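S.K.: Take a look at data.csv, CSV, C-alpha atoms:
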chain,number,residue,atom,x,y,z
U,739,MET,CA,-21.5,-27.0,-9.4
U,740,SER,CA,-23.2,-30.4,-9.8
U,741,THR,CA,-23.0,-30.8,-6.0
U,742,VAL,CA,-25.0,-27.7,-5.4
U,743,GLY,CA,-28.3,-29.5,-5.8
U,744,THR,CA,-27.3,-32.6,-3.8
U,745,LEU,CA,-25.9,-30.7,-0.9
U,746,ALA,CA,-28.6,-28.0,-0.7
U,747,GLN,CA,-30.7,-28.5,2.4
U,748,LEU,CA,-33.9,-26.8,1.2
U,749,PRO,CA,-35.9,-27.3,-2.0
U,750,ALA,CA,-35.6,-24.7,-4.7
U,751,LEU,CA,-37.3,-21.5,-3.8
U,752,PRO,CA,-40.1,-20.2,-6.1
U,753,LEU,CA,-39.0,-17.5,-8.5
U,754,HIS,CA,-40.6,-14.6,-6.7
U,755,THR,CA,-38.8,-15.5,-3.5
U,756,ALA,CA,-35.5,-16.5,-5.1
U,757,GLY,CA,-35.6,-13.3,-7.2
U,758,ARG,CA,-35.4,-11.2,-4.1
U,759,TYR,CA,-32.2,-13.0,-2.9
U,760,VAL,CA,-30.6,-12.8,-6.4
U,761,ALA,CA,-31.5,-9.2,-6.8
U,762,GLY,CA,-30.1,-8.5,-3.3
U,763,ALA,CA,-26.8,-10.2,-4.2
U,764,TYR,CA,-26.4,-8.2,-7.4
U,765,VAL,CA,-27.4,-5.0,-5.8
U,766,VAL,CA,-24.7,-5.5,-3.1
U,767,LEU,CA,-22.1,-5.6,-5.9
U,768,PHE,CA,-23.6,-2.6,-7.6
U,769,VAL,CA,-23.8,-0.6,-4.3
U,770,ILE,CA,-20.2,-1.4,-3.5
U,771,VAL,CA,-19.0,-0.2,-6.9
U,772,LEU,CA,-21.2,2.9,-6.5
U,773,ILE,CA,-19.7,3.7,-3.1
U,774,TYR,CA,-16.3,3.3,-4.5
U,775,VAL,CA,-17.2,5.7,-7.4
U,776,ALA,CA,-18.5,8.2,-4.8
U,777,ILE,CA,-15.3,8.0,-2.8
U,778,MET,CA,-13.3,8.5,-6.0
U,779,ALA,CA,-15.5,11.5,-6.9
U,780,ILE,CA,-14.8,13.1,-3.4
U,781,ARG,CA,-11.1,12.5,-3.8
U,782,LEU,CA,-11.2,14.0,-7.3
U,783,SER,CA,-12.9,17.1,-5.9
U,784,HIS,CA,-10.2,17.4,-3.2
U,785,ILE,CA,-7.5,17.2,-5.9
U,786,GLU,CA,-9.3,19.8,-8.0
U,787,ARG,CA,-9.6,22.1,-5.0
U,788,ASP,CA,-5.9,21.7,-4.1
U,789,LEU,CA,-4.9,22.3,-7.7
U,790,GLY,CA,-7.0,25.4,-7.8
U,791,GLU,CA,-5.3,26.7,-4.6
U,792,LEU,CA,-1.9,26.0,-6.2
U,793,LEU,CA,-2.9,27.8,-9.4
U,794,ASP,CA,-4.1,30.8,-7.3
U,795,ASN,CA,-0.9,30.8,-5.4
U,796,ALA,CA,1.1,30.6,-8.6
U,797,ALA,CA,-0.9,33.5,-10.1
U,798,GLU,CA,-0.4,35.6,-7.0
U,799,GLY,CA,3.3,34.9,-7.1
U,800,GLU,CA,3.5,35.9,-10.7
U,801,LEU,CA,1.7,39.2,-10.0
U,802,ALA,CA,3.8,39.9,-6.9
U,803,GLU,CA,7.1,39.2,-8.6
U,804,PRO,CA,7.5,42.3,-10.9
U,805,SER,CA,6.8,44.7,-7.9
U,806,VAL,CA,9.3,42.9,-5.6
U,807,ALA,CA,12.0,42.5,-8.2
U,808,PRO,CA,14.1,45.7,-8.6
U,809,PRO,CA,13.7,47.3,-12.0
U,810,ALA,CA,16.7,47.0,-14.4
U,811,ALA,CA,18.6,50.3,-14.9
U,812,GLY,CA,17.1,52.3,-17.7
U,813,ALA,CA,14.5,49.6,-18.5
U,814,PRO,CA,10.9,50.9,-18.5
U,815,PRO,CA,8.2,49.0,-16.6
U,816,ALA,CA,6.2,46.4,-18.6
U,817,THR,CA,3.1,48.6,-18.7
U,818,ALA,CA,5.0,51.6,-19.8
U,819,GLY,CA,6.6,49.5,-22.5
U,820,LYS,CA,3.2,48.4,-23.7
U,821,SER,CA,1.9,52.0,-23.9
U,822,THR,CA,5.0,53.2,-25.8
U,823,LEU,CA,4.5,50.5,-28.3
U,824,ALA,CA,0.8,51.3,-28.6
N,512,MET,CA,2.0,7.0,-15.2
N,513,TYR,CA,-0.7,4.8,-13.6
N,514,GLY,CA,-3.4,6.5,-15.7
N,515,LYS,CA,-2.1,5.0,-18.9
N,516,GLY,CA,-4.7,2.7,-20.5
N,517,LEU,CA,-7.2,3.4,-17.8
N,518,ARG,CA,-9.9,4.5,-20.3
N,519,ALA,CA,-9.6,1.3,-22.4
N,520,LEU,CA,-9.6,-0.8,-19.3
N,521,SER,CA,-12.7,0.9,-17.9
N,522,ILE,CA,-14.6,0.5,-21.2
N,523,SER,CA,-13.6,-3.2,-21.5
N,524,THR,CA,-14.6,-3.8,-17.9
N,525,ALA,CA,-18.1,-2.2,-18.5
N,526,ALA,CA,-18.5,-4.2,-21.7
N,527,VAL,CA,-17.5,-7.6,-20.2
N,528,MET,CA,-19.7,-6.9,-17.1
N,529,ALA,CA,-22.7,-6.2,-19.4
N,530,LEU,CA,-21.9,-9.4,-21.3
N,531,ALA,CA,-21.6,-11.4,-18.1
N,532,LEU,CA,-25.0,-10.1,-16.8
N,533,GLY,CA,-26.6,-10.9,-20.2
N,534,LEU,CA,-25.3,-14.4,-20.1
N,535,VAL,CA,-26.3,-14.9,-16.5
N,536,PHE,CA,-29.9,-13.8,-16.9
N,537,PHE,CA,-30.6,-14.7,-20.6
N,538,TYR,CA,-28.3,-17.5,-21.6
N,539,ALA,CA,-27.4,-19.7,-18.6
N,540,PRO,CA,-30.1,-22.3,-17.9
N,541,LEU,CA,-31.8,-22.6,-14.5
N,542,GLU,CA,-30.1,-25.1,-12.3
N,543,ALA,CA,-32.3,-28.1,-11.7
N,544,GLU,CA,-32.5,-28.1,-8.0
N,545,GLN,CA,-31.5,-24.6,-6.9
N,546,GLY,CA,-33.5,-22.9,-9.5
N,547,PHE,CA,-33.2,-19.1,-9.9
N,548,LEU,CA,-31.2,-18.8,-6.7
N,549,GLN,CA,-28.2,-20.4,-8.3
N,550,LYS,CA,-27.7,-17.1,-10.3
N,551,ILE,CA,-25.9,-15.8,-7.2
N,552,PHE,CA,-23.2,-18.3,-7.9
N,553,TYR,CA,-22.0,-16.2,-10.9
N,554,VAL,CA,-21.3,-13.2,-8.7
N,555,HIS,CA,-20.3,-14.8,-5.4
N,556,VAL,CA,-17.7,-17.3,-6.6
N,557,PRO,CA,-15.8,-14.9,-8.9
N,558,LEU,CA,-15.7,-12.4,-6.1
N,559,ALA,CA,-14.3,-15.0,-3.7
N,560,ILE,CA,-11.7,-16.2,-6.3
N,561,VAL,CA,-10.6,-12.7,-7.2
N,562,SER,CA,-10.4,-11.5,-3.6
N,563,LEU,CA,-8.3,-14.5,-2.6
N,564,CYS,CA,-6.0,-14.1,-5.7
N,565,GLY,CA,-5.7,-10.4,-4.8
N,566,PHE,CA,-4.5,-11.2,-1.3
N,567,VAL,CA,-1.9,-13.5,-2.8
N,568,LEU,CA,-0.9,-10.8,-5.3
N,569,GLY,CA,-0.5,-8.4,-2.5
N,570,GLY,CA,1.9,-10.8,-0.9
N,571,LEU,CA,3.9,-11.2,-4.1
N,572,LEU,CA,4.1,-7.4,-4.6
N,573,ALA,CA,5.2,-7.1,-1.0
N,574,ILE,CA,8.1,-9.5,-1.7
N,575,GLN,CA,9.1,-7.2,-4.5
N,576,HIS,CA,9.0,-4.3,-2.1
N,577,LEU,CA,11.2,-6.1,0.5
N,578,ARG,CA,13.6,-7.0,-2.3
N,579,THR,CA,13.9,-3.5,-3.9
N,580,ARG,CA,12.8,-1.2,-1.0
N,581,GLU,CA,11.0,0.9,-3.6
N,582,PRO,CA,7.8,2.6,-2.3
N,583,ARG,CA,5.9,1.9,-5.5
N,584,TRP,CA,5.8,-1.8,-4.7
N,585,ASP,CA,4.5,-1.1,-1.3
N,586,MET,CA,1.8,1.1,-2.8
N,587,ARG,CA,0.8,-1.6,-5.3
N,588,SER,CA,0.7,-4.3,-2.5
N,589,TYR,CA,-1.4,-1.9,-0.3
N,590,VAL,CA,-3.9,-1.3,-3.2
N,591,ALA,CA,-4.1,-5.0,-4.1
N,592,ILE,CA,-5.0,-5.9,-0.5
N,593,HIS,CA,-7.3,-2.9,-0.1
N,594,ILE,CA,-9.4,-3.7,-3.1
N,595,SER,CA,-9.3,-7.5,-2.2
N,596,LEU,CA,-10.7,-6.6,1.2
N,597,VAL,CA,-13.6,-4.8,-0.4
N,598,PHE,CA,-14.3,-7.8,-2.7
N,599,ALA,CA,-14.1,-10.1,0.4
N,600,VAL,CA,-16.8,-8.0,2.0
N,601,ALA,CA,-18.9,-8.4,-1.1
N,602,THR,CA,-18.2,-12.2,-1.1
N,603,LEU,CA,-19.3,-12.5,2.5
N,604,ILE,CA,-22.5,-10.6,1.9
N,605,THR,CA,-23.5,-12.4,-1.3
N,606,GLY,CA,-22.6,-15.7,0.3
N,607,SER,CA,-24.8,-15.0,3.2
N,608,ILE,CA,-27.7,-14.1,1.0
N,609,TRP,CA,-27.2,-17.3,-0.9
N,610,ALA,CA,-27.0,-19.3,2.3
N,611,LYS,CA,-30.2,-17.8,3.6
N,612,GLY,CA,-32.1,-18.8,0.4
N,613,SER,CA,-30.5,-22.2,0.1
N,614,TRP,CA,-29.9,-23.4,3.7
N,615,GLY,CA,-32.3,-21.1,5.5
N,616,HIS,CA,-29.6,-19.5,7.6
N,617,TRP,CA,-27.5,-16.4,7.0
N,618,TRP,CA,-24.4,-18.1,8.5
N,619,VAL,CA,-23.4,-21.6,9.3
N,620,TRP,CA,-20.6,-21.8,11.9
N,621,ASN,CA,-19.7,-25.5,11.4
N,622,GLU,CA,-19.1,-25.0,7.6
N,623,PRO,CA,-15.3,-24.9,7.0
N,624,THR,CA,-15.5,-22.9,3.8
N,625,LEU,CA,-17.4,-20.1,5.3
N,626,VAL,CA,-15.4,-19.9,8.5
N,627,SER,CA,-12.1,-20.2,6.8
N,628,PHE,CA,-13.0,-17.3,4.5
N,629,LEU,CA,-14.1,-15.3,7.5
N,630,ILE,CA,-10.7,-16.0,9.2
N,631,VAL,CA,-8.8,-14.8,6.0
N,632,PHE,CA,-11.0,-11.7,5.9
N,633,LEU,CA,-10.5,-10.9,9.6
N,634,LEU,CA,-6.7,-11.5,9.2
N,635,TYR,CA,-6.6,-8.9,6.4
N,636,ALA,CA,-8.9,-6.6,8.3
N,637,THR,CA,-6.0,-6.0,10.7
N,638,TYR,CA,-3.7,-4.8,7.8
N,639,GLN,CA,-5.0,-1.3,7.8
N,640,PRO,CA,-4.8,-0.8,11.6
N,641,LEU,CA,-1.3,-2.3,11.5
N,642,ARG,CA,-0.2,0.3,9.0
N,643,PHE,CA,-2.0,3.1,10.8
N,644,ALA,CA,-0.3,2.2,14.1
N,645,ILE,CA,3.2,2.8,12.7
N,646,GLU,CA,4.0,6.4,12.1
N,647,ASP,CA,7.4,6.1,10.4
N,648,PRO,CA,6.6,5.6,6.7
N,649,GLU,CA,9.6,3.4,6.1
N,650,ARG,CA,8.9,1.1,9.0
N,651,GLN,CA,5.2,1.1,8.1
N,652,ALA,CA,6.0,-0.1,4.6
N,653,ARG,CA,8.5,-2.8,5.8
N,654,TYR,CA,6.2,-4.2,8.5
N,655,ALA,CA,3.2,-4.1,6.2
N,656,SER,CA,5.1,-6.0,3.6
N,657,VAL,CA,6.2,-8.7,6.0
N,658,PHE,CA,2.5,-9.0,7.1
N,659,ALA,CA,1.4,-9.2,3.5
N,660,VAL,CA,3.9,-11.9,2.7
N,661,THR,CA,3.0,-14.0,5.7
N,662,ALA,CA,-0.8,-13.6,5.3
N,663,GLY,CA,-0.5,-14.2,1.5
N,664,ALA,CA,1.2,-17.5,2.2
N,665,PHE,CA,-1.6,-18.4,4.6
N,666,VAL,CA,-4.3,-18.0,1.9
N,667,PRO,CA,-3.4,-21.0,-0.3
N,668,MET,CA,-2.6,-23.1,2.8
N,669,ASN,CA,-6.1,-22.2,4.1
N,670,PHE,CA,-7.6,-23.1,0.8
N,671,ILE,CA,-5.9,-26.5,0.6
N,672,ALA,CA,-6.9,-27.3,4.2
N,673,VAL,CA,-10.5,-26.6,3.4
N,674,ARG,CA,-10.4,-28.7,0.3
N,675,LEU,CA,-9.0,-31.6,2.3
N,676,SER,CA,-11.9,-31.3,4.7
N,677,THR,CA,-14.7,-33.7,4.0
N,678,ALA,CA,-17.5,-32.5,6.3
N,679,TYR,CA,-18.8,-29.6,4.2
N,680,LEU,CA,-22.1,-28.4,2.9
N,681,HIS,CA,-20.7,-25.6,0.7
N,682,PRO,CA,-20.7,-26.6,-3.0
N,683,ARG,CA,-17.3,-27.2,-4.7
N,684,VAL,CA,-16.8,-25.3,-7.9
N,685,LEU,CA,-13.2,-26.0,-8.8
N,686,GLY,CA,-11.7,-29.5,-9.2
N,687,SER,CA,-12.8,-32.9,-10.3
N,688,ALA,CA,-16.2,-32.7,-8.5
N,689,SER,CA,-17.2,-29.9,-10.8
N,690,ASN,CA,-19.0,-30.8,-14.0
N,691,LEU,CA,-20.8,-27.6,-15.1
N,692,PRO,CA,-22.7,-27.8,-18.3
N,693,GLY,CA,-21.1,-25.9,-21.2
N,694,SER,CA,-23.4,-22.9,-21.1
N,695,MET,CA,-23.0,-22.5,-17.3
N,696,ARG,CA,-19.3,-22.9,-17.6
N,697,LEU,CA,-19.0,-20.2,-20.3
N,698,THR,CA,-21.2,-17.9,-18.2
N,699,PHE,CA,-19.1,-18.6,-15.1
N,700,ILE,CA,-15.8,-17.9,-17.0
N,701,VAL,CA,-17.1,-14.6,-18.5
N,702,SER,CA,-18.3,-13.6,-15.0
N,703,LEU,CA,-14.9,-14.4,-13.6
N,704,ILE,CA,-13.2,-12.3,-16.3
N,705,ALA,CA,-15.6,-9.5,-15.6
N,706,ILE,CA,-14.9,-9.5,-11.9
N,707,ALA,CA,-11.2,-9.8,-12.5
N,708,LEU,CA,-11.3,-6.8,-14.8
N,709,LEU,CA,-13.3,-4.9,-12.3
N,710,TYR,CA,-10.6,-5.6,-9.7
N,711,ALA,CA,-7.9,-4.5,-12.1
N,712,THR,CA,-9.8,-1.3,-13.0
N,713,LEU,CA,-10.4,-0.4,-9.4
N,714,CYS,CA,-6.8,-1.0,-8.5
N,715,LYS,CA,-5.7,1.2,-11.4
N,716,TYR,CA,-8.1,4.0,-10.3
N,717,GLU,CA,-6.8,3.8,-6.8
N,718,LEU,CA,-3.1,3.8,-7.9
N,719,THR,CA,-3.8,6.7,-10.3
N,720,ALA,CA,-5.6,8.7,-7.6
N,721,LYS,CA,-2.8,8.1,-5.0
N,722,HIS,CA,-0.1,8.9,-7.5
N,723,THR,CA,-1.8,12.1,-8.6
N,724,ARG,CA,-2.1,13.1,-5.0
N,725,ALA,CA,1.5,12.5,-4.4
N,726,GLN,CA,2.4,14.6,-7.4
N,727,LEU,CA,0.2,17.3,-6.2
N,728,ARG,CA,2.0,17.3,-2.8
N,729,ALA,CA,5.3,17.5,-4.5
N,730,LEU,CA,4.1,20.4,-6.6
N,731,ARG,CA,2.8,22.2,-3.4
N,732,ARG,CA,6.1,21.7,-1.7
N,733,ARG,CA,7.9,23.2,-4.7
N,734,LEU,CA,5.6,26.2,-5.0
N,735,ILE,CA,4.8,27.0,-1.4
N,736,GLY,CA,7.7,25.3,0.3
N,737,ASP,CA,5.8,23.1,2.7
N,738,GLN,CA,7.6,20.6,4.8
N,739,PRO,CA,7.0,17.1,3.4
N,740,GLN,CA,6.1,15.5,6.7
N,741,ALA,CA,4.2,18.5,7.9
N,742,ARG,CA,1.8,18.4,5.0
N,743,ARG,CA,1.1,14.6,5.2
N,744,PRO,CA,-1.3,13.6,7.9
N,745,ARG,CA,-0.8,10.3,9.7
N,746,SER,CA,-2.2,7.7,7.3
N,747,ALA,CA,-2.4,3.9,6.7
N,748,ALA,CA,-1.8,4.6,3.0
N,749,PRO,CA,1.9,4.4,1.9
N,750,ALA,CA,3.9,7.5,1.2
N,751,LEU,CA,5.0,7.6,-2.3
N,752,ALA,CA,8.4,9.0,-3.3
N,753,PRO,CA,8.6,12.3,-5.1
N,754,SER,CA,7.6,12.1,-8.7
N,755,PRO,CA,10.4,11.9,-11.4
N,756,PRO,CA,10.1,15.5,-12.4
N,757,ALA,CA,10.6,16.6,-8.8
N,758,ARG,CA,13.7,14.4,-8.5
N,759,ALA,CA,15.0,15.7,-11.7
N,760,ARG,CA,14.6,19.3,-10.6
N,761,THR,CA,16.2,18.6,-7.2
N,762,ALA,CA,19.1,16.9,-8.9
N,763,ALA,CA,19.4,19.9,-11.3
N,764,GLY,CA,19.2,22.3,-8.4
N,765,THR,CA,21.9,20.4,-6.5
N,766,GLY,CA,24.1,20.2,-9.6
N,767,ALA,CA,23.9,24.0,-10.1
Translate the structure described by the file into structure tokens.
M.R.:
Amino acid sequence: MSTVGTLAQLPALPLHTAGRYVAGAYVVLFVIVLIYVAIMAIRLSHIERDLGELLDNAAEGELAEPSVAPPAAGAPPATAGKSTLA
Amino acid sequence: MYGKGLRALSISTAAVMALALGLVFFYAPLEAEQGFLQKIFYVHVPLAIVSLCGFVLGGLLAIQHLRTREPRWDMRSYVAIHISLVFAVATLITGSIWAKGSWGHWWVWNEPTLVSFLIVFLLYATYQPLRFAIEDPERQARYASVFAVTAGAFVPMNFIAVRLSTAYLHPRVLGSASNLPGSMRLTFIVSLIAIALLYATLCKYELTAKHTRAQLRALRRRLIGDQPQARRPRSAAPALAPSPPARARTAAGTGA
């Protein structure tokens, strides 16, 4: 880095001017990371939505299954069983 | 699988980033001739180094994919290049900001270091369109790996060619010409570690997200019975193989 000074074409900028450039450079990195986090958040929300859909489908499947499946001979329905026990 | 250790990695990245920023602004002295503007060096150079190393890493992972034909290596290569490309954009922007403050121009076309980095960036900018242009996932992965290996070999060659060049304005950081004072060297090394950790963390996040999505697709196929190809829209991203539990269940089903 010693060559920085010798190869630079312009004299050092005053702090108030250089500060703007330095802030700009660091803000660029911050913004890029921020954009990435935002993209990840969107993806996460999609995953959450898809997972919710799958859970709904699974719940619907579970509810539909007892009515579709033929009842075993002599076996009372689940609700009837519960009421008997109660 | 990919999410293991993600929390620890994220915390350590945040800690090292905070340490690096503290060192840059409160510990490292002002450079004699550049003054405060030289602080850009601590973000610009690590970004450039990490992005170039990431491109090479993408090539190495692609070699592994070509050897084993396992989709996970293609996925890793894709993610390594993808994040490197983002870092390369940051390198170009921060470099331009520094050039404007130091040289008075946003871009200098007769400067080999700048132009060579732009060439590398533009080369890798074609990676995603290349992947997107190929519909068949297997061919896509194979061609992308060949590209990643070829372009990955080009990166060090390009670096050496620029180092051999004598007509440059851009400061040299690595090599015999560099004699950073101890405090600046320490700050630079910590900044480099911070950016490398940021790269590793973002790669891990990306891999975890893609793996979770693939698992979710596998689950959807199992529950709803979707066709694998019908559910996956055309994409530049690699298609991961079914997750281990899916394979296990398929095998169990076949066996029964």
S.K.: Which one is closest to chain U: N:Ile551, N:Val631, N:Ile671, N:Ala747? Count all atoms listed in the file.
M.R.: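 Smallest distance to chain U is found for N:Ile551.
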S.K.: Residues near segment 789-804 of chain U, anyone? I mean within 8 Å using only C-alpha atoms, not counting same-chain ones fewer than 6 positions away, as JSON, numbers by chain.
M.R.: {"N": [727, 731, 734, 735]}
S.K.: Considering only C-alpha atoms, can you say which of N:Ile522, N:Leu568, N:Leu548, N:Leu675 comes closest to chain U?
M.R.: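 Counting only C-alpha atoms, the residue closest to chain U is N:Leu548.
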S.K.: Find the residues around segment 709-712 of chain N up to 8 Å (all atoms listed in the file counted), leave out those fewer than 4 positions away in its own chain, and share them as a PyMOL selection string.
M.R.: chain N and resi 517+520-521+524+561+594-595+705+716
S.K.: In Å, how far is it from atom CA of Thr698 of chain N to atom CA of Ile560 of chain N?
M.R.: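 Computing it gives 15.3 Å between the two atoms.
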S.K.: What is the distance, in Å and to one decimal place, between atom CA of Val556 of chain N and atom CA of Ser588 of chain N?
M.R.: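 Going from atom CA of Val556 of chain N over to atom CA of Ser588 of chain N, I get 22.9 Å.
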S.K.: Residues near Gly514 of chain N, anyone? I mean within 9 Å using all atoms listed in the file, not counting same-chain ones fewer than 2 positions away, as a list of chain:residue names.
M.R.: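 After dropping sequence-adjacent residues, the list is N:Met512, N:Gly516, N:Leu517, N:Arg518, N:Lys715, N:Tyr716, N:Leu718, N:Thr719, N:Ala720.
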